[in-house]
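J.: Contents of work-v1.pdb (PDB, C-alpha atoms) are given next:
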```
ATOM      1  CA  MET W1266      44.723  12.701  13.541
ATOM      2  CA  LYS W1267      42.535  14.494  10.967
ATOM      3  CA  LYS W1268      42.552  11.411   8.752
ATOM      4  CA  PHE W1269      41.467   9.248  11.698
ATOM      5  CA  THR W1270      38.589  11.609  12.566
ATOM      6  CA  ALA W1271      37.436  11.754   8.944
ATOM      7  CA  ALA W1272      37.600   7.952   8.691
ATOM      8  CA  LEU W1273      35.607   7.616  11.941
ATOM      9  CA  ILE W1274      32.866   9.962  10.654
ATOM     10  CA  LEU W1275      32.704   8.118   7.328
ATOM     11  CA  ALA W1276      32.509   4.765   9.121
ATOM     12  CA  GLY W1277      29.672   6.127  11.290
ATOM     13  CA  PHE W1278      27.596   6.991   8.229
ATOM     14  CA  CYS W1279      28.341   3.631   6.628
ATOM     15  CA  LEU W1280      27.321   1.764   9.792
ATOM     16  CA  GLY W1281      23.929   3.416   9.907
ATOM     17  CA  LEU W1282      24.350   6.292  12.320
ATOM     18  CA  ALA W1283      22.665   8.431   9.662
ATOM     19  CA  PRO W1284      18.931   7.848   9.084
ATOM     20  CA  ALA W1285      18.412   4.664   7.079
ATOM     21  CA  SER W1286      14.717   5.046   6.301
ATOM     22  CA  PRO W1287      13.659   6.616   2.996
ATOM     23  CA  ALA W1288      11.417   9.134   4.772
ATOM     24  CA  ASP W1289       9.951   9.731   8.193
ATOM     25  CA  THR W1290       6.559  10.658   6.756
ATOM     26  CA  LEU W1291       4.784   9.411   3.630
ATOM     27  CA  ASN W1292       1.398  10.332   2.159
ATOM     28  CA  VAL W1293      -1.467   8.044   1.168
ATOM     29  CA  GLN W1294      -1.885   8.046  -2.631
ATOM     30  CA  VAL W1295      -4.915   5.729  -2.868
ATOM     31  CA  ARG W1296      -8.566   6.553  -2.113
ATOM     32  CA  THR W1297      -8.619   4.250   0.896
ATOM     33  CA  GLY W1298      -5.644   2.457   2.358
ATOM     34  CA  LYS W1299      -5.735  -0.248   4.987
ATOM     35  CA  LEU W1300      -3.476  -0.517   8.010
ATOM     36  CA  ARG W1301      -3.111  -4.197   8.835
ATOM     37  CA  GLU W1302      -2.105  -6.187  11.887
ATOM     38  CA  GLN W1303       0.468  -8.143   9.854
ATOM     39  CA  PRO W1304       2.537  -7.234   6.779
ATOM     40  CA  SER W1305       0.238  -9.142   4.429
ATOM     41  CA  PHE W1306      -2.829  -8.369   2.312
ATOM     42  CA  LEU W1307      -4.555 -11.095   4.335
ATOM     43  CA  GLY W1308      -3.736  -9.453   7.673
ATOM     44  CA  ARG W1309      -6.618  -8.186   9.820
ATOM     45  CA  ILE W1310      -7.462  -4.533   9.093
ATOM     46  CA  VAL W1311      -6.866  -2.351  12.157
ATOM     47  CA  ALA W1312      -7.561   1.067  10.600
ATOM     48  CA  GLU W1313      -8.290   2.808   7.314
ATOM     49  CA  VAL W1314      -6.507   5.852   5.939
ATOM     50  CA  SER W1315      -7.623   8.195   3.188
ATOM     51  CA  TYR W1316      -6.076   9.875   0.179
ATOM     52  CA  GLY W1317      -3.733  12.630   1.315
ATOM     53  CA  ASP W1318      -3.322  11.412   4.908
ATOM     54  CA  SER W1319       0.234  11.622   6.240
ATOM     55  CA  LEU W1320       1.670   8.575   7.984
ATOM     56  CA  ARG W1321       4.750   8.384  10.160
ATOM     57  CA  ILE W1322       6.868   5.430   9.061
ATOM     58  CA  LEU W1323       8.237   3.385  11.956
ATOM     59  CA  ARG W1324       9.975   0.532  10.124
ATOM     60  CA  GLU W1325       9.853  -1.527   6.960
ATOM     61  CA  GLN W1326       9.752  -5.196   6.097
ATOM     62  CA  GLY W1327      10.124  -5.948   2.407
ATOM     63  CA  GLU W1328       7.469  -3.928   0.574
ATOM     64  CA  TRP W1329       5.482  -3.353   3.771
ATOM     65  CA  LEU W1330       5.786  -0.362   6.091
ATOM     66  CA  MET W1331       4.772  -0.110   9.739
ATOM     67  CA  ALA W1332       3.056   3.271   9.966
ATOM     68  CA  ARG W1333       1.290   5.438  12.544
ATOM     69  CA  THR W1334      -1.533   7.877  11.830
ATOM     70  CA  SER W1335      -1.795  11.328  13.390
ATOM     71  CA  ALA W1336      -4.516   9.820  15.631
ATOM     72  CA  GLY W1337      -2.040   7.213  16.904
ATOM     73  CA  ARG W1338      -3.427   4.178  15.041
ATOM     74  CA  GLN W1339      -0.649   1.855  13.940
ATOM     75  CA  GLY W1340      -0.382  -0.958  11.398
ATOM     76  CA  TRP W1341       1.257  -2.312   8.263
ATOM     77  CA  ILE W1342       0.545  -0.830   4.834
ATOM     78  CA  HIS W1343       1.917  -1.823   1.448
ATOM     79  CA  SER W1344       4.430   0.675   0.069
ATOM     80  CA  SER W1345       2.500   0.968  -3.222
ATOM     81  CA  ALA W1346      -0.239   2.872  -1.354
ATOM     82  CA  LEU W1347       2.177   5.615  -0.258
ATOM     83  CA  THR W1348       4.242   8.371  -1.819
ATOM     84  CA  ASP W1349       6.759  10.901  -0.596
ATOM     85  CA  ASP W1350       5.198  13.485  -2.938
ATOM     86  CA  GLU W1351       3.188  16.227  -1.295
ATOM     87  CA  ILE W1352      -0.531  15.726  -1.867
ATOM     88  CA  VAL W1353      -2.647  18.850  -2.151
ATOM     89  CA  LEU W1354      -6.386  18.596  -1.613
ATOM     90  CA  SER W1355      -8.373  21.498  -2.970
ATOM     91  CA  ALA W1356     -12.120  21.420  -2.406
ATOM     92  CA  GLY W1357     -14.126  22.129  -5.521
ATOM     93  CA  THR W1358     -11.440  21.041  -7.960
ATOM     94  CA  GLY W1359     -10.727  17.830  -9.785
ATOM     95  CA  GLU W1360      -7.655  17.208  -7.622
ATOM     96  CA  VAL W1361      -9.743  15.902  -4.735
ATOM     97  CA  ALA W1362     -11.131  12.940  -6.694
ATOM     98  CA  THR W1363      -7.914  11.904  -8.433
ATOM     99  CA  GLY W1364      -6.878   9.185  -5.967
ATOM    100  CA  ALA W1365      -6.880   5.587  -7.124
ATOM    101  CA  SER W1366      -8.163   2.714  -5.029
ATOM    102  CA  GLY W1367      -5.669   0.181  -3.730
ATOM    103  CA  ASP W1368      -7.038  -2.392  -6.190
ATOM    104  CA  GLU W1369      -6.711   0.037  -9.101
ATOM    105  CA  LEU W1370      -3.146   0.851  -8.133
ATOM    106  CA  ALA W1371      -2.206  -2.838  -7.835
ATOM    107  CA  LEU W1372      -3.685  -3.636 -11.253
ATOM    108  CA  ALA W1373      -2.072  -0.608 -12.879
ATOM    109  CA  GLY W1374       1.265  -1.653 -11.393
ATOM    110  CA  LYS W1375       0.868  -4.950 -13.199
ATOM    111  CA  GLY W1376       0.127  -3.146 -16.469
ATOM    112  CA  PHE W1377      -3.638  -3.684 -16.348
ATOM    113  CA  ASN W1378      -5.936  -0.728 -16.924
ATOM    114  CA  ALA W1379      -9.201   0.133 -18.684
ATOM    115  CA  GLN W1380      -7.455   0.466 -22.057
ATOM    116  CA  VAL W1381      -5.754  -2.937 -21.740
ATOM    117  CA  GLU W1382      -9.086  -4.513 -20.761
ATOM    118  CA  ALA W1383     -10.879  -2.928 -23.745
ATOM    119  CA  GLU W1384      -8.200  -4.189 -26.148
ATOM    120  CA  TYR W1385      -8.358  -7.686 -24.663
ATOM    121  CA  ARG W1386     -12.155  -7.778 -24.942
ATOM    122  CA  ALA W1387     -11.959  -6.566 -28.572
ATOM    123  CA  GLN W1388      -9.460  -9.304 -29.453
ATOM    124  CA  ASN W1389     -11.487 -11.984 -27.627
ATOM    125  CA  ARG W1390     -15.108 -11.291 -28.576
ATOM    126  CA  GLU W1391     -16.017 -14.979 -28.221
ATOM    127  CA  ILE W1392     -15.356 -14.913 -24.481
ATOM    128  CA  ASP W1393     -18.320 -14.246 -22.194
ATOM    129  CA  PHE W1394     -17.153 -11.831 -19.492
ATOM    130  CA  ALA W1395     -20.492 -11.799 -17.637
ATOM    131  CA  TRP W1396     -19.159 -13.751 -14.636
ATOM    132  CA  VAL W1397     -15.971 -11.705 -14.503
ATOM    133  CA  ASP W1398     -18.081  -8.537 -14.441
ATOM    134  CA  ARG W1399     -20.241 -10.016 -11.643
ATOM    135  CA  MET W1400     -17.226 -11.105  -9.618
ATOM    136  CA  GLU W1401     -15.744  -7.599  -9.815
ATOM    137  CA  LYS W1402     -18.835  -6.370  -7.954
ATOM    138  CA  PHE W1403     -18.505  -8.878  -5.094
ATOM    139  CA  ILE W1404     -17.595  -7.212  -1.837
ATOM    140  CA  VAL W1405     -16.053  -9.333   0.887
ATOM    141  CA  SER W1406     -15.912  -7.644   4.272
ATOM    142  CA  PRO W1407     -12.806  -7.986   6.424
ATOM    143  CA  GLU W1408     -14.872 -10.055   8.885
ATOM    144  CA  GLU W1409     -15.963 -12.462   6.127
ATOM    145  CA  MET W1410     -12.353 -12.771   4.945
ATOM    146  CA  ALA W1411     -11.140 -13.498   8.484
ATOM    147  CA  GLY W1412     -13.873 -16.135   8.939
ATOM    148  CA  PHE W1413     -12.961 -17.780   5.637
ATOM    149  CA  LEU W1414      -9.289 -17.919   6.630
ATOM    150  CA  ARG W1415     -10.155 -19.348  10.072
ATOM    151  CA  MET W1416     -12.433 -22.048   8.600
ATOM    152  CA  GLY W1417      -9.743 -23.035   6.113
ATOM    153  CA  GLN W1418      -7.083 -22.902   8.828
ATOM    154  CA  VAL W1419      -5.077 -20.522   6.652
ATOM    155  CA  THR W1420      -2.371 -18.501   8.343
ATOM    156  CA  PRO W1421      -1.657 -15.330   6.396
ATOM    157  CA  PRO W1422       1.984 -15.124   5.339
ATOM    158  CA  SER W1423       3.949 -12.105   6.395
ATOM    159  CA  GLY W1424       6.869 -10.197   5.033
ATOM    160  CA  GLY W1425       5.521  -8.886   1.772
ATOM    161  CA  ALA W1426       3.300 -11.773   0.647
ATOM    162  CA  ARG W1427       0.603 -10.621  -1.697
TER     163      ARG W1427
END
```
Written as structure tokens, how would this file's structure read?
T.:
Amino acid sequence: MKKFTAALILAGFCLGLAPASPADTLNVQVRTGKLREQPSFLGRIVAEVSYGDSLRILREQGEWLMARTSAGRQGWIHSSALTDDEIVLSAGTGEVATGASGDELALAGKGFNAQVEAEYRAQNREIDFAWVDRMEKFIVSPEEMAGFLRMGQVTPPSGGAR
């Protein structure tokens, strides 16, 4: 009988009776994160979260997490914007300004940073980067992005599309 009970408990854990999610709460590790209507970078933004905010994770789909803020706002956010590390904000210290933007984090994840850019520019002095520098300063609002997608009849993919 003891073997049967032990086997039943083990089977329960294997079948998911134990929590399956990596964490119930994760913290925002980018300056500004976006909660989106769909699990896609093209999804409509429903709320913004800031560095250090804690989010309750409701479910996951690929690299996207459905999260809820302490104010009750809910949406999808890419997992790269979150960490399970505790984030400490201390006014008046350098720790407060250490968050990276979502764009910076995405580029760094792909191995691109200021040092890589400087090396590339040094090796390619004949290339005129003026338009690249201008394009980096373009700001497209979420409303403009949504209008562009509507005009082009583009349906944002879901499920981890970048």
J.: Since I can't run it myself right now, could you work out what the PyMOL selection byres ((chain W and resi 1394-1406) around 12) selects here and report it as an NGL selection string?
T.: :W and (1307 or 1309-1310 or 1368-1369 or 1382-1383 or 1385-1387 or 1389-1393 or 1407-1413)
J.: Compare W:Gly1417, W:Glu1328, W:Leu1347, W:Glu1384 by their minimum atom-to-atom distance to Phe1306 (chain W), counting all atoms listed in the file, and give me the closest one.
T.: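 The closest residue to Phe1306 (chain W) is W:Glu1328.
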J.: Nearest to Leu1300 (chain W): which of W:Ser1315, W:Gln1380, W:Gln1339, W:Gln1388 is it, counting all atoms listed in the file?
T.: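 The closest residue to Leu1300 (chain W) is W:Gln1339.
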J.: Once the PyMOL selection byres ((chain W and resi 1321) around 8) has been applied to the shown file, what residues remain in the selection, as a list in words?
T.: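 On this input, the PyMOL selection byres ((chain W and resi 1321) around 8) captures Asp1289, Thr1290, Leu1291, Ser1319, Leu1320, Ile1322, Leu1323, Ala1332, Arg1333, Thr1334 and Ser1335 of chain W.
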J.: If you measure from CA of Arg1296 (chain W) to CA of Tyr1316 (chain W), what distance in Å do you get, rounded to one decimal?
T.: 4.7 Å
J.: So that all listed atoms of region 1287-1302 of chain W fit with 4 Å spare on each side, what axis-aligned box centre and edge lengths in Å, to one decimal, would you give as lines of an AutoDock Vina configuration file?
T.:
```
center_x = 2.5
center_y = 2.2
center_z = 4.5
size_x = 30.3
size_y = 24.8
size_z = 22.8
```
